[in-house]
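Structure data follow from data-v9.pdb (PDB, C-alpha atoms, pLDDT in the B column):
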ATOM      1  CA  MET B 451     -19.087 -18.333  16.840  1.00 65.00           C
ATOM      2  CA  THR B 452     -16.274 -20.487  18.208  1.00 79.00           C
ATOM      3  CA  ALA B 453     -12.887 -18.803  17.880  1.00 90.00           C
ATOM      4  CA  ILE B 454      -9.923 -20.673  16.401  1.00 94.00           C
ATOM      5  CA  ASN B 455      -6.737 -20.635  18.457  1.00 96.00           C
ATOM      6  CA  PRO B 456      -3.936 -19.342  16.179  1.00 97.00           C
ATOM      7  CA  GLU B 457      -1.325 -21.686  17.627  1.00 97.00           C
ATOM      8  CA  GLU B 458      -3.578 -24.700  17.152  1.00 97.00           C
ATOM      9  CA  LEU B 459      -4.198 -23.648  13.558  1.00 97.00           C
ATOM     10  CA  LEU B 460      -0.465 -23.325  12.846  1.00 98.00           C
ATOM     11  CA  LEU B 461       0.129 -26.768  14.348  1.00 98.00           C
ATOM     12  CA  ALA B 462      -2.653 -28.199  12.193  1.00 98.00           C
ATOM     13  CA  TYR B 463      -1.085 -26.822   9.015  1.00 98.00           C
ATOM     14  CA  ARG B 464       2.285 -28.268   9.988  1.00 98.00           C
ATOM     15  CA  LEU B 465       0.521 -31.636  10.204  1.00 98.00           C
ATOM     16  CA  GLY B 466      -1.174 -31.184   6.824  1.00 97.00           C
ATOM     17  CA  ILE B 467      -4.597 -30.320   8.275  1.00 97.00           C
ATOM     18  CA  PHE B 468      -6.668 -27.228   7.476  1.00 97.00           C
ATOM     19  CA  PRO B 469     -10.050 -25.781   8.572  1.00 96.00           C
ATOM     20  CA  MET B 470     -13.208 -25.445   6.514  1.00 94.00           C
ATOM     21  CA  ALA B 471     -16.705 -24.416   7.526  1.00 92.00           C
ATOM     22  CA  GLU B 472     -19.846 -26.067   6.216  1.00 89.00           C
ATOM     23  CA  SER B 473     -21.167 -22.641   5.281  1.00 84.00           C
ATOM     24  CA  ARG B 474     -20.390 -18.955   5.625  1.00 80.00           C
ATOM     25  CA  ASN B 475     -22.723 -18.731   8.630  1.00 82.00           C
ATOM     26  CA  ALA B 476     -21.559 -21.889  10.400  1.00 87.00           C
ATOM     27  CA  LYS B 477     -20.441 -21.445  14.000  1.00 84.00           C
ATOM     28  CA  GLU B 478     -17.876 -24.258  13.938  1.00 89.00           C
ATOM     29  CA  VAL B 479     -15.182 -25.427  11.533  1.00 92.00           C
ATOM     30  CA  LEU B 480     -14.260 -28.873  10.291  1.00 93.00           C
ATOM     31  CA  TRP B 481     -10.614 -29.957  10.303  1.00 96.00           C
ATOM     32  CA  VAL B 482      -9.748 -31.573   6.981  1.00 95.00           C
ATOM     33  CA  ARG B 483      -6.907 -33.881   5.946  1.00 95.00           C
ATOM     34  CA  PRO B 484      -7.558 -35.117   2.374  1.00 94.00           C
ATOM     35  CA  HIS B 485      -6.362 -38.501   1.174  1.00 94.00           C
ATOM     36  CA  GLU B 486      -5.137 -36.735  -1.961  1.00 96.00           C
ATOM     37  CA  ARG B 487      -3.671 -33.254  -2.146  1.00 97.00           C
ATOM     38  CA  CYS B 488      -3.354 -30.783  -5.007  1.00 97.00           C
ATOM     39  CA  ILE B 489      -0.051 -28.942  -5.311  1.00 98.00           C
ATOM     40  CA  LEU B 490       1.371 -26.501  -7.846  1.00 97.00           C
ATOM     41  CA  PRO B 491       5.034 -27.402  -8.496  1.00 97.00           C
ATOM     42  CA  LEU B 492       6.820 -24.066  -8.667  1.00 96.00           C
ATOM     43  CA  ASP B 493       9.573 -25.426 -10.911  1.00 94.00           C
ATOM     44  CA  LYS B 494       6.953 -26.470 -13.473  1.00 94.00           C
ATOM     45  CA  PHE B 495       4.418 -23.678 -13.049  1.00 96.00           C
ATOM     46  CA  HIS B 496       2.746 -23.078 -16.407  1.00 95.00           C
ATOM     47  CA  VAL B 497       1.111 -19.875 -17.639  1.00 95.00           C
ATOM     48  CA  PRO B 498      -1.353 -20.356 -20.546  1.00 94.00           C
ATOM     49  CA  ARG B 499      -0.542 -18.206 -23.548  1.00 93.00           C
ATOM     50  CA  ARG B 500      -3.633 -16.001 -23.401  1.00 95.00           C
ATOM     51  CA  LEU B 501      -3.206 -15.393 -19.686  1.00 95.00           C
ATOM     52  CA  GLY B 502       0.469 -14.675 -20.213  1.00 94.00           C
ATOM     53  CA  ALA B 503      -0.490 -11.940 -22.659  1.00 94.00           C
ATOM     54  CA  THR B 504      -2.804 -10.433 -20.037  1.00 95.00           C
ATOM     55  CA  VAL B 505      -0.082 -10.520 -17.382  1.00 95.00           C
ATOM     56  CA  LYS B 506       2.443  -9.045 -19.784  1.00 93.00           C
ATOM     57  CA  SER B 507       0.087  -6.254 -20.804  1.00 92.00           C
ATOM     58  CA  ASP B 508      -0.016  -4.905 -17.232  1.00 90.00           C
ATOM     59  CA  ARG B 509      -3.746  -4.327 -17.582  1.00 94.00           C
ATOM     60  CA  TYR B 510      -4.031  -4.942 -13.873  1.00 96.00           C
ATOM     61  CA  ARG B 511      -1.967  -3.507 -11.037  1.00 95.00           C
ATOM     62  CA  VAL B 512      -0.895  -6.059  -8.444  1.00 96.00           C
ATOM     63  CA  THR B 513       0.029  -5.482  -4.807  1.00 96.00           C
ATOM     64  CA  PHE B 514       0.881  -7.694  -1.859  1.00 97.00           C
ATOM     65  CA  ASP B 515      -0.515  -7.341   1.694  1.00 97.00           C
ATOM     66  CA  ALA B 516      -2.132  -4.006   0.887  1.00 97.00           C
ATOM     67  CA  LYS B 517      -5.749  -4.967   1.653  1.00 97.00           C
ATOM     68  CA  PHE B 518      -5.734  -8.347   3.374  1.00 98.00           C
ATOM     69  CA  THR B 519      -9.090  -7.854   5.091  1.00 96.00           C
ATOM     70  CA  ASP B 520     -10.773  -6.833   1.836  1.00 97.00           C
ATOM     71  CA  VAL B 521      -9.301  -9.836   0.048  1.00 98.00           C
ATOM     72  CA  ILE B 522     -10.396 -12.451   2.574  1.00 97.00           C
ATOM     73  CA  ARG B 523     -13.859 -10.899   2.689  1.00 94.00           C
ATOM     74  CA  GLY B 524     -13.942 -10.953  -1.102  1.00 95.00           C
ATOM     75  CA  CYS B 525     -13.105 -14.651  -1.012  1.00 94.00           C
ATOM     76  CA  ALA B 526     -15.929 -15.248   1.466  1.00 90.00           C
ATOM     77  CA  GLU B 527     -18.614 -13.308  -0.394  1.00 84.00           C
ATOM     78  CA  ALA B 528     -21.453 -14.982  -2.258  1.00 69.00           C
ATOM     79  CA  ARG B 529     -21.382 -14.876  -6.051  1.00 66.00           C
ATOM     80  CA  PRO B 530     -23.863 -15.805  -8.787  1.00 59.00           C
ATOM     81  CA  ASP B 531     -21.968 -19.050  -9.452  1.00 58.00           C
ATOM     82  CA  ARG B 532     -21.380 -19.774  -5.746  1.00 55.00           C
ATOM     83  CA  ARG B 533     -24.140 -18.974  -3.282  1.00 58.00           C
ATOM     84  CA  ASP B 534     -22.153 -20.046  -0.228  1.00 59.00           C
ATOM     85  CA  THR B 535     -18.539 -20.524   0.823  1.00 80.00           C
ATOM     86  CA  TRP B 536     -16.533 -22.463   3.392  1.00 83.00           C
ATOM     87  CA  ILE B 537     -15.024 -19.292   4.894  1.00 93.00           C
ATOM     88  CA  ASN B 538     -16.861 -18.305   8.089  1.00 93.00           C
ATOM     89  CA  ALA B 539     -16.189 -15.620  10.705  1.00 93.00           C
ATOM     90  CA  PRO B 540     -13.757 -17.695  12.836  1.00 95.00           C
ATOM     91  CA  ILE B 541     -11.623 -18.383   9.753  1.00 96.00           C
ATOM     92  CA  VAL B 542     -11.644 -14.710   8.775  1.00 96.00           C
ATOM     93  CA  ASP B 543     -10.710 -13.702  12.308  1.00 96.00           C
ATOM     94  CA  VAL B 544      -7.820 -16.124  12.788  1.00 97.00           C
ATOM     95  CA  PHE B 545      -6.277 -15.434   9.384  1.00 97.00           C
ATOM     96  CA  THR B 546      -6.555 -11.704   9.952  1.00 97.00           C
ATOM     97  CA  MET B 547      -4.735 -12.211  13.238  1.00 97.00           C
ATOM     98  CA  LEU B 548      -2.028 -14.248  11.502  1.00 98.00           C
ATOM     99  CA  HIS B 549      -1.707 -11.530   8.887  1.00 98.00           C
ATOM    100  CA  THR B 550      -0.771  -9.041  11.584  1.00 97.00           C
ATOM    101  CA  ARG B 551       1.937 -11.509  12.642  1.00 97.00           C
ATOM    102  CA  GLY B 552       3.322 -11.673   9.106  1.00 96.00           C
ATOM    103  CA  LEU B 553       2.249 -15.271   8.474  1.00 98.00           C
ATOM    104  CA  ALA B 554      -0.835 -14.793   6.302  1.00 98.00           C
ATOM    105  CA  HIS B 555      -0.478 -12.883   3.045  1.00 98.00           C
ATOM    106  CA  SER B 556      -2.712 -11.489   0.333  1.00 98.00           C
ATOM    107  CA  VAL B 557      -2.334 -10.636  -3.320  1.00 98.00           C
ATOM    108  CA  GLU B 558      -4.515  -7.804  -4.589  1.00 98.00           C
ATOM    109  CA  VAL B 559      -5.427  -7.162  -8.230  1.00 97.00           C
ATOM    110  CA  TRP B 560      -6.552  -3.658  -9.143  1.00 97.00           C
ATOM    111  CA  PHE B 561      -8.212  -2.103 -12.184  1.00 96.00           C
ATOM    112  CA  GLU B 562      -8.550   1.679 -12.245  1.00 94.00           C
ATOM    113  CA  GLU B 563      -8.022   1.801  -8.462  1.00 94.00           C
ATOM    114  CA  LYS B 564     -10.754  -0.749  -7.790  1.00 97.00           C
ATOM    115  CA  LEU B 565     -10.026  -4.101  -6.154  1.00 98.00           C
ATOM    116  CA  VAL B 566     -11.195  -6.629  -8.732  1.00 97.00           C
ATOM    117  CA  GLY B 567      -9.586  -9.844  -7.543  1.00 97.00           C
ATOM    118  CA  GLY B 568      -7.071 -11.496  -5.302  1.00 97.00           C
ATOM    119  CA  LEU B 569      -6.128 -14.426  -3.127  1.00 98.00           C
ATOM    120  CA  TYR B 570      -4.815 -15.137   0.335  1.00 98.00           C
ATOM    121  CA  GLY B 571      -2.872 -17.873   2.062  1.00 98.00           C
ATOM    122  CA  LEU B 572      -0.612 -18.934   4.904  1.00 98.00           C
ATOM    123  CA  SER B 573       3.190 -18.985   4.864  1.00 98.00           C
ATOM    124  CA  LEU B 574       5.168 -21.389   7.051  1.00 98.00           C
ATOM    125  CA  ALA B 575       8.910 -21.786   6.456  1.00 97.00           C
ATOM    126  CA  SER B 576       9.147 -22.540   2.698  1.00 98.00           C
ATOM    127  CA  ALA B 577       5.559 -23.826   2.386  1.00 98.00           C
ATOM    128  CA  PHE B 578       2.725 -21.621   1.182  1.00 98.00           C
ATOM    129  CA  PHE B 579      -0.864 -22.776   1.619  1.00 98.00           C
ATOM    130  CA  ALA B 580      -3.102 -21.019  -0.906  1.00 97.00           C
ATOM    131  CA  GLU B 581      -6.516 -20.767   0.736  1.00 96.00           C
ATOM    132  CA  SER B 582      -8.961 -19.023  -1.570  1.00 95.00           C
ATOM    133  CA  LYS B 583      -9.295 -16.520  -4.387  1.00 95.00           C
ATOM    134  CA  PHE B 584     -11.935 -14.282  -5.897  1.00 95.00           C
ATOM    135  CA  SER B 585     -12.431 -12.426  -9.153  1.00 94.00           C
ATOM    136  CA  ARG B 586     -14.710  -9.574 -10.165  1.00 95.00           C
ATOM    137  CA  MET B 587     -13.172  -9.165 -13.620  1.00 96.00           C
ATOM    138  CA  ARG B 588     -11.942 -11.653 -16.153  1.00 95.00           C
ATOM    139  CA  ASP B 589      -8.680 -13.375 -15.204  1.00 96.00           C
ATOM    140  CA  ALA B 590      -8.142 -11.219 -12.102  1.00 97.00           C
ATOM    141  CA  SER B 591      -7.669 -14.152  -9.722  1.00 96.00           C
ATOM    142  CA  LYS B 592      -5.511 -15.950 -12.285  1.00 96.00           C
ATOM    143  CA  VAL B 593      -3.245 -12.914 -12.548  1.00 97.00           C
ATOM    144  CA  ALA B 594      -2.965 -12.956  -8.754  1.00 97.00           C
ATOM    145  CA  LEU B 595      -1.898 -16.600  -8.828  1.00 97.00           C
ATOM    146  CA  VAL B 596       0.781 -15.948 -11.465  1.00 97.00           C
ATOM    147  CA  HIS B 597       2.228 -13.096  -9.417  1.00 96.00           C
ATOM    148  CA  LEU B 598       2.123 -15.246  -6.291  1.00 97.00           C
ATOM    149  CA  ALA B 599       4.009 -18.064  -8.007  1.00 97.00           C
ATOM    150  CA  ALA B 600       6.714 -15.663  -9.184  1.00 96.00           C
ATOM    151  CA  ARG B 601       7.084 -14.207  -5.708  1.00 96.00           C
ATOM    152  CA  LEU B 602       7.316 -17.641  -4.091  1.00 97.00           C
ATOM    153  CA  LYS B 603       9.925 -18.809  -6.580  1.00 95.00           C
ATOM    154  CA  ALA B 604      12.021 -15.706  -6.045  1.00 94.00           C
ATOM    155  CA  GLY B 605      11.655 -16.057  -2.285  1.00 95.00           C
ATOM    156  CA  GLY B 606      12.926 -19.632  -2.162  1.00 95.00           C
ATOM    157  CA  TYR B 607       9.686 -21.499  -1.445  1.00 97.00           C
ATOM    158  CA  ALA B 608       9.577 -25.252  -1.950  1.00 98.00           C
ATOM    159  CA  LEU B 609       5.849 -26.010  -1.770  1.00 98.00           C
ATOM    160  CA  LEU B 610       2.682 -24.332  -3.023  1.00 98.00           C
ATOM    161  CA  ASP B 611      -0.318 -26.213  -1.647  1.00 98.00           C
ATOM    162  CA  ALA B 612      -3.681 -25.813  -3.378  1.00 96.00           C
ATOM    163  CA  GLN B 613      -5.556 -28.318  -1.178  1.00 95.00           C
ATOM    164  CA  PHE B 614      -8.130 -29.875  -3.522  1.00 92.00           C
ATOM    165  CA  PRO B 615      -7.615 -30.711  -7.218  1.00 88.00           C
ATOM    166  CA  ASN B 616      -9.845 -29.035  -9.778  1.00 88.00           C
ATOM    167  CA  PRO B 617      -9.754 -28.530 -13.561  1.00 87.00           C
ATOM    168  CA  HIS B 618      -9.123 -24.799 -13.159  1.00 86.00           C
ATOM    169  CA  LEU B 619      -5.726 -25.435 -11.557  1.00 93.00           C
ATOM    170  CA  GLU B 620      -4.623 -28.034 -14.098  1.00 93.00           C
ATOM    171  CA  GLN B 621      -3.846 -25.297 -16.632  1.00 93.00           C
ATOM    172  CA  PHE B 622      -1.112 -24.053 -14.280  1.00 96.00           C
ATOM    173  CA  GLY B 623       0.503 -27.473 -13.971  1.00 95.00           C
ATOM    174  CA  ALA B 624      -1.251 -28.619 -10.804  1.00 96.00           C
ATOM    175  CA  VAL B 625      -0.766 -32.262  -9.857  1.00 96.00           C
ATOM    176  CA  THR B 626      -2.432 -34.527  -7.336  1.00 97.00           C
ATOM    177  CA  VAL B 627      -0.276 -36.405  -4.844  1.00 97.00           C
ATOM    178  CA  THR B 628      -1.080 -38.949  -2.169  1.00 97.00           C
ATOM    179  CA  GLU B 629      -1.319 -37.894   1.453  1.00 96.00           C
ATOM    180  CA  GLU B 630       1.920 -39.769   2.163  1.00 97.00           C
ATOM    181  CA  ARG B 631       3.738 -37.952  -0.636  1.00 98.00           C
ATOM    182  CA  PHE B 632       2.358 -34.620   0.500  1.00 98.00           C
ATOM    183  CA  GLN B 633       3.530 -35.221   4.053  1.00 98.00           C
ATOM    184  CA  GLY B 634       7.049 -35.825   2.737  1.00 98.00           C
ATOM    185  CA  LEU B 635       7.012 -32.642   0.649  1.00 98.00           C
ATOM    186  CA  LEU B 636       5.600 -30.693   3.579  1.00 98.00           C
ATOM    187  CA  ALA B 637       8.291 -31.956   5.944  1.00 98.00           C
ATOM    188  CA  GLN B 638      10.987 -30.886   3.494  1.00 98.00           C
ATOM    189  CA  ALA B 639       9.397 -27.445   3.044  1.00 98.00           C
ATOM    190  CA  LEU B 640       9.105 -26.915   6.795  1.00 98.00           C
ATOM    191  CA  SER B 641      12.769 -27.787   7.297  1.00 97.00           C
ATOM    192  CA  ARG B 642      14.057 -24.826   5.259  1.00 96.00           C
ATOM    193  CA  GLU B 643      13.376 -21.119   5.365  1.00 96.00           C
ATOM    194  CA  ALA B 644      11.988 -18.858   2.652  1.00 97.00           C
ATOM    195  CA  ASP B 645      11.110 -15.186   2.517  1.00 95.00           C
ATOM    196  CA  PHE B 646       7.829 -13.890   1.108  1.00 95.00           C
ATOM    197  CA  TYR B 647       9.446 -10.479   0.644  1.00 91.00           C
ATOM    198  CA  GLY B 648      12.529 -11.954  -0.998  1.00 79.00           C
ATOM    199  CA  ARG B 649      15.155 -10.347   1.208  1.00 67.00           C
ATOM    200  CA  SER B 650      17.528 -13.092   0.128  1.00 50.00           C
ATOM    201  CA  GLY B 651      15.987 -13.805  -3.249  1.00 45.00           C
ATOM    202  CA  GLY B 652      16.021 -10.549  -5.188  1.00 39.00           C
ATOM    203  CA  LEU B 653      12.604  -9.169  -4.277  1.00 39.00           C
ATOM    204  CA  PRO B 654      11.862  -6.032  -2.275  1.00 38.00           C
ATOM    205  CA  ALA B 655      12.985  -6.135   1.351  1.00 33.00           C
ATOM    206  CA  GLY B 656      10.115  -6.441   3.812  1.00 34.00           C
ATOM    207  CA  GLY B 657       9.650  -4.870   7.205  1.00 32.00           C
ATOM    208  CA  ALA B 658       7.653  -1.949   8.479  1.00 27.00           C
ATOM    209  CA  ALA B 659      10.139   0.667   7.334  1.00 25.00           C
ATOM    210  CA  ALA B 660      11.490  -1.045   4.232  1.00 27.00           C
ATOM    211  CA  GLY B 661      11.138   0.216   0.700  1.00 26.00           C
ATOM    212  CA  GLY B 662      13.077   0.562  -2.514  1.00 26.00           C
ATOM    213  CA  THR B 663      13.014  -1.512  -5.653  1.00 26.00           C
ATOM    214  CA  SER B 664      13.831  -5.108  -6.350  1.00 29.00           C
ATOM    215  CA  THR B 665      16.800  -6.505  -8.205  1.00 26.00           C
ATOM    216  CA  GLY B 666      15.159  -9.706  -9.411  1.00 30.00           C
ATOM    217  CA  GLY B 667      12.893  -8.296 -12.106  1.00 31.00           C
ATOM    218  CA  LEU B 668       9.945  -7.510  -9.848  1.00 42.00           C
ATOM    219  CA  ALA B 669       9.903  -3.810  -9.115  1.00 33.00           C
ATOM    220  CA  GLY B 670       8.578  -2.913  -5.679  1.00 34.00           C
ATOM    221  CA  ILE B 671       7.403   0.224  -3.986  1.00 27.00           C
ATOM    222  CA  GLY B 672       7.295   0.116  -0.201  1.00 30.00           C
ATOM    223  CA  GLY B 673       4.412   1.441   1.813  1.00 32.00           C
ATOM    224  CA  LYS B 674       2.444   0.701   4.967  1.00 33.00           C
ATOM    225  CA  SER B 675      -1.024  -0.781   5.050  1.00 39.00           C
ATOM    226  CA  GLU B 676      -2.825  -2.703   7.788  1.00 44.00           C
ATOM    227  CA  GLY B 677       0.414  -2.956   9.764  1.00 39.00           C
ATOM    228  CA  ASN B 678       2.384  -4.702   7.028  1.00 41.00           C
ATOM    229  CA  THR B 679       4.466  -3.652   4.069  1.00 42.00           C
ATOM    230  CA  SER B 680       2.731  -3.322   0.709  1.00 44.00           C
ATOM    231  CA  PHE B 681       4.533  -3.706  -2.589  1.00 46.00           C
ATOM    232  CA  THR B 682       3.450  -2.952  -6.104  1.00 49.00           C
ATOM    233  CA  ALA B 683       4.558  -5.679  -8.459  1.00 47.00           C
ATOM    234  CA  GLY B 684       6.630  -4.760 -11.465  1.00 52.00           C
ATOM    235  CA  PRO B 685       5.902  -5.173 -15.165  1.00 61.00           C
ATOM    236  CA  GLY B 686       4.111  -8.349 -16.103  1.00 82.00           C
ATOM    237  CA  TRP B 687       6.830  -9.491 -18.456  1.00 82.00           C
ATOM    238  CA  SER B 688       9.327  -9.597 -15.598  1.00 87.00           C
ATOM    239  CA  VAL B 689       6.924 -11.679 -13.520  1.00 91.00           C
ATOM    240  CA  LEU B 690       6.735 -14.204 -16.343  1.00 90.00           C
ATOM    241  CA  GLN B 691      10.511 -14.133 -16.623  1.00 88.00           C
ATOM    242  CA  VAL B 692      10.902 -15.135 -12.986  1.00 89.00           C
ATOM    243  CA  ILE B 693       8.643 -18.128 -13.628  1.00 88.00           C
ATOM    244  CA  THR B 694      10.258 -19.272 -16.866  1.00 78.00           C
ATOM    245  CA  GLN B 695      13.889 -18.756 -15.830  1.00 67.00           C
ATOM    246  CA  THR B 696      13.831 -21.780 -13.556  1.00 60.00           C
ATOM    247  CA  SER B 697      11.193 -23.934 -15.216  1.00 56.00           C
TER     248      SER B 697
END

Hey, can you dump this file as C-alpha cells for me?
Amino acid sequence: MTAINPEELLLAYRLGIFPMAESRNAKEVLWVRPHERCILPLDKFHVPRRLGATVKSDRYRVTFDAKFTDVIRGCAEARPDRRDTWINAPIVDVFTMLHTRGLAHSVEVWFEEKLVGGLYGLSLASAFFAESKFSRMRDASKVALVHLAARLKAGGYALLDAQFPNPHLEQFGAVTVTEERFQGLLAQALSREADFYGRSGGLPAGGAAAGGTSTGGLAGIGGKSEGNTSFTAGPGWSVLQVITQTS
C-alpha cells in the first residue's frame, strides 16, 4: 500500500481535492476534483419531521471523537447493499493520523452501549469535509449528521462539504454548486476560524484535560479516548434547537 502524506492531503483539501480508492483493497488512491459539489448549507439545514422525532426522543446516545478508529472502519466495511467501498488502508491510516492531530473528527451513535452508526470528516478552519458514514440501525447515521450540523453551527463553521450529490442528502437541504462557486465558498471558509469543540460558541471546551457542560444547549461530559476529548451530546431537543435558532 502507498502511504498518503498528511501535509499533501491537507493541501489537496484546501484546493478542493480529495482522495478516493477504486476499492477497499486498492493500493493507490485517486485524487478527485468534481465539476459539481454537494454542500449542506448550515443556515438552511433541514431535519425531516420523523427524524426530528427520533433525535428528540434520545433513543440513541451520541458522542464525538470517542471511537474514531471504529467509526472509520465501520464506514469502510462491506454491507449487504454495498459490497465494496472507496476507503482503503492508506485513507484509514492518514485520517487516523490527522485525528491524533485534532483535524479529523468522528461522531458516534450508540444504542445500549453498542456502536450502531456514525460518520467522520476533516476540519480545516471553518470548513468541514464530511467523508463517510455508516449505519447498523435505522436512522443511526442520520442522527449523527444532525448532531454534526448542530455542533458545526454552534462552533462557527461556514461550510459543510458533502462531496457528491445524492437523493439521501436532499432531505437535509443539500444543494449542488459549480466547482467555481465551491472554490469561492471554500476560500471564505478557510479565511476564518471555527472551533469543533465550541470554545467560543457555547459548546463544551476541548483539550485533553477539559470537561464540564455546555452553555449552548448541548450538554457535554468530558473524557479521554484515543488521545482526544470525548463529549456526550445533550438531549435531542436541544440539538434541534441549535439548528432551528439560526435557520

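When only C-alpha atoms are used to compute distances to Lys477 in chain B, the closest of the residues B:Arg509, B:Leu461, B:Ala639, B:Ile541 turns out to be B:Ile541.
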
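The residue that comes closest to Asp493 in chain B, out of B:Ala604, B:Ala644, B:Val512, B:Ala612 and on the basis of all atoms listed in the file, is B:Ala604.
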
task: Please write as a PyMOL selection string the full residue list that the PyMOL selection byres ((chain B and resi 498-508) around 6) yields on this file.
output: chain B and resi 497+509-510+686-687

Expected selection from the PyMOL selection byres ((chain B and resi 537) around 8), given as JSON, numbers by chain: {"B": [470, 471, 473, 474, 525, 526, 535, 536, 538, 539, 541, 542]}

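Going from CA of Leu595 in chain B to CA of Lys583 in chain B covers 8.6 Å.
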
task: Determine the residue membership of the PyMOL selection byres ((chain B and resi 576) around 8) for the file above and supply it as a list in words.
output: Ser573, Leu574, Ala575, Ala577, Phe578, Gly606, Tyr607, Ala608, Leu609, Ala639, Leu640, Ser641, Arg642, Glu643, Ala644 and Asp645 of chain B

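For the atom pair formed by CA of Val557 in chain B and CA of Gln633 in chain B, the distance is 26.3 Å, given to one decimal.
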
field: Near-Ala600 in chain B list (6 Å; only C-alpha atoms; drop same-chain fewer than 6 positions) as a list in words
entry: Val689, Val692 and Ile693 of chain B

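Minimum atom-to-atom distance to Asn455 in chain B, evaluated using all atoms listed in the file, belongs to B:Leu548 out of B:His485, B:Leu548, B:Phe514, B:Ser585.
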
Could you name the residues that touch Ser556 in chain B at 6 Å or less, counting all atoms listed in the file, but leaving out those on the same chain fewer than 3 positions away, as a CSV table (one decimal) with C-alpha atoms, in the coordinates of the input?
chain,number,residue,atom,x,y,z
B,514,PHE,CA,0.9,-7.7,-1.9
B,515,ASP,CA,-0.5,-7.3,1.7
B,518,PHE,CA,-5.7,-8.3,3.4
B,569,LEU,CA,-6.1,-14.4,-3.1
B,570,TYR,CA,-4.8,-15.1,0.3

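One finds CA of Phe646 in chain B at 16.4 Å from CA of Phe545 in chain B.
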